[in-house]
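Everything below belongs to run_29.txt, which stores compact mmCIF, C-alpha atoms.
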```txt
# COMPACT_ATOMS: atom_id res chain seq x y z
CA MET A 111 85.67 141.47 46.16
CA PRO A 112 87.44 142.99 49.19
CA ILE A 113 87.79 140.87 52.36
CA ASN A 114 85.93 142.18 55.39
CA LEU A 115 88.45 141.63 58.20
CA ASN A 116 85.90 142.32 60.92
CA GLU A 117 83.54 139.72 59.47
CA LEU A 118 86.40 137.23 59.21
CA ASP A 119 87.39 137.77 62.85
CA ARG A 120 83.78 137.34 63.91
CA LYS A 121 83.54 134.02 62.08
CA LYS A 122 86.78 132.84 63.67
CA LYS A 123 85.42 133.68 67.11
CA ILE A 124 82.19 131.80 66.39
CA ILE A 125 84.16 128.75 65.24
CA ALA A 126 86.39 128.90 68.34
CA VAL A 127 83.38 129.10 70.67
CA ALA A 128 81.73 126.20 68.83
CA ILE A 129 84.84 124.06 69.25
CA VAL A 130 85.02 124.82 72.97
CA LEU A 131 81.34 123.97 73.40
CA LEU A 132 81.77 120.73 71.45
CA LEU A 133 84.71 119.68 73.60
CA GLY A 134 82.67 120.48 76.69
CA VAL A 135 79.81 118.30 75.50
CA LEU A 136 82.18 115.42 74.70
CA LEU A 137 83.70 115.75 78.15
CA LEU A 138 80.29 115.54 79.77
CA ILE A 139 78.87 112.65 77.76
CA GLY A 140 81.80 110.29 77.84
CA GLY A 141 85.20 111.73 77.03
CA ARG A 142 86.45 111.82 80.60
CA PRO A 143 83.74 109.98 82.52
CA ARG A 144 84.43 111.21 86.06
CA ILE A 145 81.24 113.10 86.81
CA GLY A 146 78.60 110.46 87.45
CA ARG A 147 77.48 109.07 90.77
CA SER A 148 78.46 105.58 89.63
CA MET A 149 79.84 103.92 86.52
CA PRO A 150 81.51 100.68 85.38
CA LEU A 151 85.13 100.23 86.38
CA TYR A 152 86.49 100.01 82.84
CA ARG A 153 85.55 103.64 82.13
CA SER A 154 88.08 104.81 84.72
CA ALA A 155 90.97 102.91 83.10
CA TYR A 156 93.86 104.75 81.49
CA ASP A 157 93.23 103.46 77.98
CA SER A 158 89.52 104.27 78.25
CA LEU A 159 90.18 107.89 79.18
CA GLY A 160 92.62 108.43 76.31
CA ILE A 161 93.43 112.12 75.83
CA PHE A 162 91.29 112.97 78.86
CA TYR A 163 93.78 111.37 81.26
CA LEU A 164 95.11 114.19 83.46
CA ASN A 165 97.05 112.52 86.25
CA GLN A 166 96.89 109.52 88.59
CA ASN A 167 93.77 110.91 90.25
CA SER A 168 91.97 110.38 86.94
CA ILE A 169 92.41 106.61 87.16
CA THR A 170 92.34 106.06 90.94
CA VAL A 171 89.75 103.87 92.65
CA TYR A 172 89.69 102.91 96.32
CA ILE A 173 89.22 99.42 97.76
CA ARG A 174 89.24 98.41 101.43
CA GLU A 175 92.45 96.58 102.34
CA ASN A 176 92.68 95.40 105.95
CA GLY A 177 89.62 97.54 106.59
CA GLU A 178 91.25 100.75 105.34
CA TRP A 179 90.54 102.49 102.03
CA GLU A 180 93.54 101.93 99.76
CA PRO A 181 93.98 103.62 96.34
CA PHE A 182 94.58 101.53 93.20
CA LEU A 183 95.35 102.70 89.66
CA ALA A 184 93.18 101.36 86.83
CA ILE A 185 95.95 101.16 84.23
CA ALA A 186 94.36 98.94 81.54
CA SER A 187 90.75 98.18 80.63
CA ARG A 188 91.59 94.69 79.35
CA TYR A 189 94.38 92.52 80.75
CA PRO A 190 96.17 90.58 79.50
CA GLY A 191 94.24 91.20 76.27
CA GLU A 192 91.03 90.87 74.33
CA GLY A 193 89.03 87.93 75.61
CA ASN A 194 90.09 88.06 79.27
CA GLY A 195 88.05 91.15 80.00
CA GLY A 196 89.61 92.19 83.30
CA VAL A 197 90.52 95.74 84.34
CA LEU A 198 94.10 95.75 85.60
CA LEU A 199 94.46 97.42 88.99
CA LEU A 200 97.89 98.30 90.39
CA ARG A 201 98.36 99.36 93.99
CA LYS A 202 99.16 103.07 93.94
CA TYR A 203 101.47 102.87 96.93
CA LEU A 204 104.05 100.26 97.88
CA ILE A 205 103.14 97.84 100.64
CA GLN A 206 104.62 99.23 103.83
CA GLU A 207 106.94 96.34 104.67
CA ARG A 208 109.89 95.15 102.60
CA ARG A 209 109.99 91.53 101.47
CA SER A 210 112.52 89.22 99.86
CA TRP A 211 111.63 87.73 96.47
CA ILE A 212 112.98 84.34 97.61
CA ALA A 213 113.70 84.09 101.30
CA ARG A 214 114.37 80.41 101.95
CA GLU A 215 117.81 78.82 101.70
CA ASN A 216 118.69 75.90 99.42
CA ARG A 217 115.96 76.94 97.01
CA ARG A 218 117.68 75.28 94.07
CA SER A 219 117.78 71.91 95.86
CA ALA A 220 114.15 72.24 96.92
CA LEU A 221 113.08 72.62 93.30
CA MET A 222 114.89 69.58 91.91
CA GLY A 223 111.73 67.55 92.33
CA HIS A 224 109.85 69.99 90.09
CA GLY A 225 111.55 69.33 86.78
CA GLY A 226 114.82 71.00 87.65
CA LYS A 227 113.41 74.52 87.59
CA ASP A 228 115.74 77.43 88.32
CA PHE A 229 115.33 78.68 91.88
CA ARG A 230 114.17 82.05 90.50
CA TYR A 231 111.15 80.49 88.79
CA TYR A 232 108.36 82.95 89.68
CA PRO A 233 105.50 80.47 90.33
CA MET A 234 107.55 78.90 93.12
CA SER A 235 108.89 82.09 94.65
CA ASP A 236 108.06 83.08 98.21
CA ILE A 237 106.63 86.40 97.09
CA ASP A 238 104.20 84.71 94.68
CA ALA A 239 102.95 82.44 97.45
CA TRP A 240 102.54 85.41 99.81
CA LEU A 241 100.51 87.41 97.28
CA GLU A 242 98.19 84.50 96.54
CA THR A 243 97.51 83.72 100.20
CA GLU A 244 98.26 86.29 102.90
CA TYR A 245 97.88 89.41 100.80
CA LEU A 246 94.66 88.21 99.15
CA LYS A 247 93.14 87.71 102.61
CA MET A 248 93.57 91.43 103.34
CA PHE A 249 90.43 92.03 101.24
CA SER A 250 86.87 91.27 102.32
CA PRO A 251 85.34 87.96 101.16
CA SER A 252 83.14 89.94 98.74
CA ILE A 253 86.14 91.62 97.09
CA GLN A 254 88.06 88.33 97.00
CA GLU A 255 85.19 86.75 95.08
CA ARG A 256 85.29 89.53 92.50
CA ILE A 257 89.04 89.37 91.87
CA LEU A 258 89.49 87.43 88.64
CA THR A 259 91.87 84.59 87.94
CA THR A 260 94.24 86.01 85.33
CA ASN A 261 96.52 84.09 82.98
CA ILE A 262 99.96 85.69 83.22
CA GLN A 263 103.04 84.92 81.15
CA VAL A 264 106.16 83.86 83.06
CA TRP A 265 109.55 82.41 82.17
CA ASP A 266 109.33 78.61 82.34
CA GLY A 267 112.28 78.42 84.74
CA ILE A 268 114.63 76.48 82.42
CA ASN A 269 117.88 77.51 80.71
CA HIS A 270 117.44 76.48 77.08
CA ALA A 271 120.97 77.33 75.97
CA PRO A 272 123.42 74.62 74.88
CA SER A 273 125.90 73.53 77.50
CA GLY A 274 128.61 76.12 78.06
CA ARG A 275 126.61 78.97 76.57
CA ASN A 276 125.19 82.01 78.32
CA MET A 277 121.74 81.61 79.79
CA ILE A 278 118.88 81.72 77.27
CA ILE A 279 115.48 82.14 78.90
CA THR A 280 113.20 82.52 75.92
CA VAL A 281 110.40 80.08 76.70
CA THR A 282 107.35 81.23 78.65
CA GLU A 283 104.36 79.48 80.08
CA THR A 284 100.93 80.67 81.19
CA VAL A 285 100.02 80.36 84.85
CA PRO A 286 96.73 81.34 86.54
CA ARG A 287 97.07 83.93 89.28
CA ARG A 288 94.68 86.17 91.19
CA VAL A 289 97.34 88.56 92.54
CA PHE A 290 100.70 88.95 90.84
CA LEU A 291 103.69 91.16 90.07
CA LEU A 292 104.06 92.97 86.75
CA SER A 293 106.85 91.95 84.35
CA GLU A 294 109.76 93.90 82.91
CA ASN A 295 108.29 93.74 79.41
CA GLU A 296 104.97 95.16 80.65
CA VAL A 297 106.48 98.16 82.39
CA GLY A 298 109.93 98.79 80.99
CA ARG A 299 110.88 97.43 77.61
CA ARG A 300 109.45 97.33 74.12
CA GLU A 301 112.42 95.94 72.24
CA ARG A 302 112.61 92.16 71.75
CA ARG A 303 115.79 90.48 72.94
CA ALA A 304 116.73 87.18 71.34
CA ASN A 305 117.75 85.52 74.61
CA ARG A 306 114.94 86.82 76.83
CA ALA A 307 111.42 85.60 77.46
CA ILE A 308 108.55 87.91 76.55
CA GLU A 309 106.40 87.95 79.68
CA GLY A 310 103.26 89.76 78.60
CA GLU A 311 102.78 92.74 76.31
CA PRO A 312 103.75 96.37 77.07
CA ILE A 313 101.09 98.23 79.05
CA ALA A 314 100.26 101.56 77.40
CA TYR A 315 100.23 103.45 80.71
CA PHE A 316 103.98 102.81 81.08
CA HIS A 317 104.74 103.42 77.40
CA PRO A 318 103.21 106.81 76.58
CA PHE A 319 104.11 108.89 73.53
CA PHE A 320 104.52 106.08 70.96
CA GLY A 321 106.83 103.88 73.00
CA ASN A 322 110.47 103.83 74.04
CA GLU A 323 111.81 104.02 70.49
CA PHE A 324 110.31 107.51 70.12
CA ILE A 325 110.74 109.06 73.55
CA GLN A 326 114.33 107.96 74.22
CA PHE A 327 115.53 110.96 72.20
CA ILE A 328 113.35 113.49 74.07
CA PRO A 329 114.43 113.79 77.72
CA ILE A 330 111.31 115.60 78.94
CA LEU A 331 109.06 112.77 77.67
CA GLN A 332 111.47 110.12 78.94
CA ASN A 333 111.30 111.65 82.42
CA ARG A 334 107.51 111.63 82.28
CA LYS A 335 107.59 107.91 81.47
CA TYR A 336 109.89 107.20 84.43
CA ALA A 337 107.60 109.23 86.70
CA ARG A 338 104.80 106.73 86.08
CA LEU A 339 107.01 103.95 87.45
CA ILE A 340 107.99 105.72 90.66
CA ALA A 341 106.12 104.71 93.80
CA THR A 342 106.52 105.25 97.54
CA PRO A 343 104.87 103.85 100.67
CA ARG A 344 101.60 105.54 101.60
CA TYR A 345 102.92 106.53 105.02
CA GLU A 346 106.41 107.49 106.11
CA TYR A 347 108.62 104.42 106.15
CA THR A 348 110.85 104.15 109.20
CA GLY A 349 112.44 100.74 108.60
CA ASP A 350 115.70 99.76 106.94
CA ARG A 351 115.53 100.99 103.34
CA GLY A 352 118.53 99.24 101.87
CA PHE A 353 121.59 97.05 101.88
CA ASN A 354 123.56 97.18 105.16
CA SER A 355 121.19 99.86 106.51
CA ARG A 356 122.13 102.28 103.73
CA ASP A 357 119.58 103.84 101.42
CA PHE A 358 120.80 101.68 98.54
CA PHE A 359 117.62 100.42 96.91
CA GLY A 360 115.43 103.21 98.22
CA TYR A 361 111.79 102.76 97.26
CA SER A 362 112.32 100.09 94.62
CA TRP A 363 109.64 97.50 93.86
CA TRP A 364 109.82 93.94 92.57
CA LEU A 365 108.91 92.69 89.11
CA ARG A 366 108.31 89.01 88.25
CA THR A 367 111.20 88.92 85.75
CA VAL A 368 114.59 87.30 86.20
CA ALA A 369 117.63 89.48 85.47
CA TRP A 370 120.50 87.60 83.84
CA THR A 371 123.69 89.14 85.19
CA GLU A 372 127.09 87.96 86.32
CA ALA A 373 125.66 87.83 89.82
CA ASP A 374 123.64 84.68 90.39
CA GLY A 375 120.13 85.17 91.78
CA THR A 376 119.14 88.59 90.49
CA ILE A 377 115.57 89.76 89.87
CA ARG A 378 114.36 92.81 87.95
CA ALA A 379 112.96 95.72 89.96
CA ILE A 380 111.89 99.31 89.42
CA TRP A 381 114.19 101.61 91.33
CA GLN A 382 113.14 104.86 92.99
CA SER A 383 114.31 106.80 89.91
CA GLY A 384 111.86 104.86 87.72
CA LEU A 385 114.66 102.96 85.98
CA THR A 386 114.50 99.18 85.55
CA TRP A 387 117.41 97.53 87.35
CA TYR A 388 118.08 94.36 89.33
CA VAL A 389 118.23 93.28 92.97
CA MET A 390 119.48 90.06 94.59
CA HIS A 391 116.55 87.78 95.36
CA ARG A 392 117.26 87.63 99.11
CA ASP A 393 117.54 91.42 99.47
CA ALA A 394 114.30 92.82 100.86
CA THR A 395 112.57 95.51 98.84
CA PHE A 396 108.98 96.70 98.38
CA VAL A 397 105.99 95.01 96.76
CA ARG A 398 103.40 96.56 94.43
CA PRO A 399 100.62 94.01 93.81
CA ALA A 400 98.40 93.89 90.72
CA PHE A 401 95.14 92.06 90.01
CA THR A 402 92.12 92.28 87.73
CA MET A 403 88.42 92.80 88.34
CA PRO A 404 85.44 92.50 85.94
CA ARG A 405 84.98 95.41 83.56
CA ASP A 406 81.41 95.95 84.73
CA THR A 407 82.37 96.25 88.42
CA VAL A 408 80.48 99.26 89.78
CA ILE A 409 82.51 102.13 91.19
CA GLU A 410 80.68 104.85 93.14
CA ARG A 411 81.40 108.33 94.41
CA TYR A 412 82.12 108.20 98.12
CA GLN A 413 83.84 110.36 100.71
CA VAL A 414 87.26 109.11 101.82
CA ASP A 415 89.49 111.21 104.08
CA GLY A 416 87.33 114.27 103.50
CA ARG A 417 87.18 114.21 99.69
CA MET A 418 84.96 112.58 97.09
CA VAL A 419 86.59 109.71 95.20
CA TYR A 420 85.50 106.57 93.36
CA VAL A 421 85.37 103.39 95.44
CA ILE A 422 84.50 99.72 95.02
CA HIS A 423 82.28 98.82 97.96
CA ASP A 424 82.61 95.49 99.77
```

Structure re-expressed in structure tokens:
Amino acid sequence: MPINLNELDRKKKIIAVAIVLLLGVLLLIGGRPRIGRSMPLYRSAYDSLGIFYLNQNSITVYIRENGEWEPFLAIASRYPGEGNGGVLLLRKYLIQERRSWIARENRRSALMGHGGKDFRYYPMSDIDAWLETEYLKMFSPSIQERILTTNIQVWDGINHAPSGRNMIITVTETVPRRVFLLSENEVGRRERRANRAIEGEPIAYFHPFFGNEFIQFIPILQNRKYARLIATPRYEYTGDRGFNSRDFFGYSWWLRTVAWTEADGTIRAIWQSGLTWYVMHRDATFVRPAFTMPRDTVIERYQVDGRMVYVIHD
């Protein structure tokens, strides 16, 4: 029986139209849920959107900070995992002022009464104290009440290596925090290192395309991964941007992870290129806070700076 090419083409066109219509319906009823007047916060998270994630605007929600609408990225619908239930929000822009990770002198001596912890122990850093007090107060009382207490993994602050050996910082502990910094493992690394603590699990938003092991051989995907780590201040920054007034660190931002290097006192940071590197703890660089809110927090369409966006009202 001869094949009718015209009939075959017609059937192909019908199938193509049906597929387009089906995708449209999926988009409307829940694939990329950005059309409603209001919806629960978790539906705007990166891992909820899946293939319908387009860019940062797809996962951006606004919250008033110091009375001004500030954008945050909903990068995970559950943090730090099943059972906690919080949506992880990361400030889209760096806080305008630069801060030192540890600013006070004689930090090592000050910690001797706390079990001999290393002076870079995150729960006793100046930046941790600032996030939990001064920064938290930048939100309204209503928002503060809705920010969850999250259990984050941090290095326990002790060198567990035998005497004379290189530093081994493998042991972690869980500490409750409302506002915190992300860790190197969450944003930068998937591989396990025998002498390094595992502070939390990799966040999918920073590990697209099947993880580092896959994308390291494909430069265009690697660059896209780094692009998700790059951040700048919201407004033009006119202060000193680096060491000795040179643009050395640029728009880098702190992590909560210690960097073991030949230089004593180094902390991991994300540099302006998106690469994970290290900075001395007393050198001032930028801060990018993170916190969690309940999955069922209502976000609503609202006009901010002349355009309609999703916000969390006070």

Item to check | Spatial neighbours of stretch 245-254 of chain A, max dist 8 Å, only C-alpha atoms, sep filter under 2 positions, as a VMD selection string | outcome: chain A and resid 174 to 177 240 to 243 256 to 257 289 424

Checklist entry - Mind pulling up the distance from atom CA of A:Leu291 to atom CA of A:Arg366? => result 5.4 Å

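Considering all atoms listed in the file, the residue among A:Val171, A:Val285, A:Leu164, A:Met390 positioned nearest to A:Met418 is A:Val171.
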
Item to check | Nearest to A:Ala341 by atom-to-atom distance, counting all atoms listed in the file, from A:Arg201, A:Ser168, A:Asn261, A:Tyr315 | outcome: A:Arg201

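When all atoms listed in the file are used to measure the gap to A:Ala369, the shortest distance among A:Trp179, A:Tyr347, A:Trp265, A:Tyr412 belongs to A:Trp265.
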
Next on the checklist: I want to know what sits within 8 Å of A:His270, based on only C-alpha atoms, with residues of the same chain fewer than 3 positions away left out; could you give that as a PyMOL selection string?
Outcome noted: chain A and resi 277-281

Item to check | Spatial sel., origin (117.7, 87.1, 87.9), limit 10 Å, only C-alpha atoms, listed as a VMD selection string | outcome: chain A and resid 228 to 231 366 to 378 388 to 391

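Take the candidates A:Asn269, A:Gly360, A:Glu244, A:Ser154 and check each one against A:Thr348 using only C-alpha atoms; the shortest distance goes to A:Gly360.
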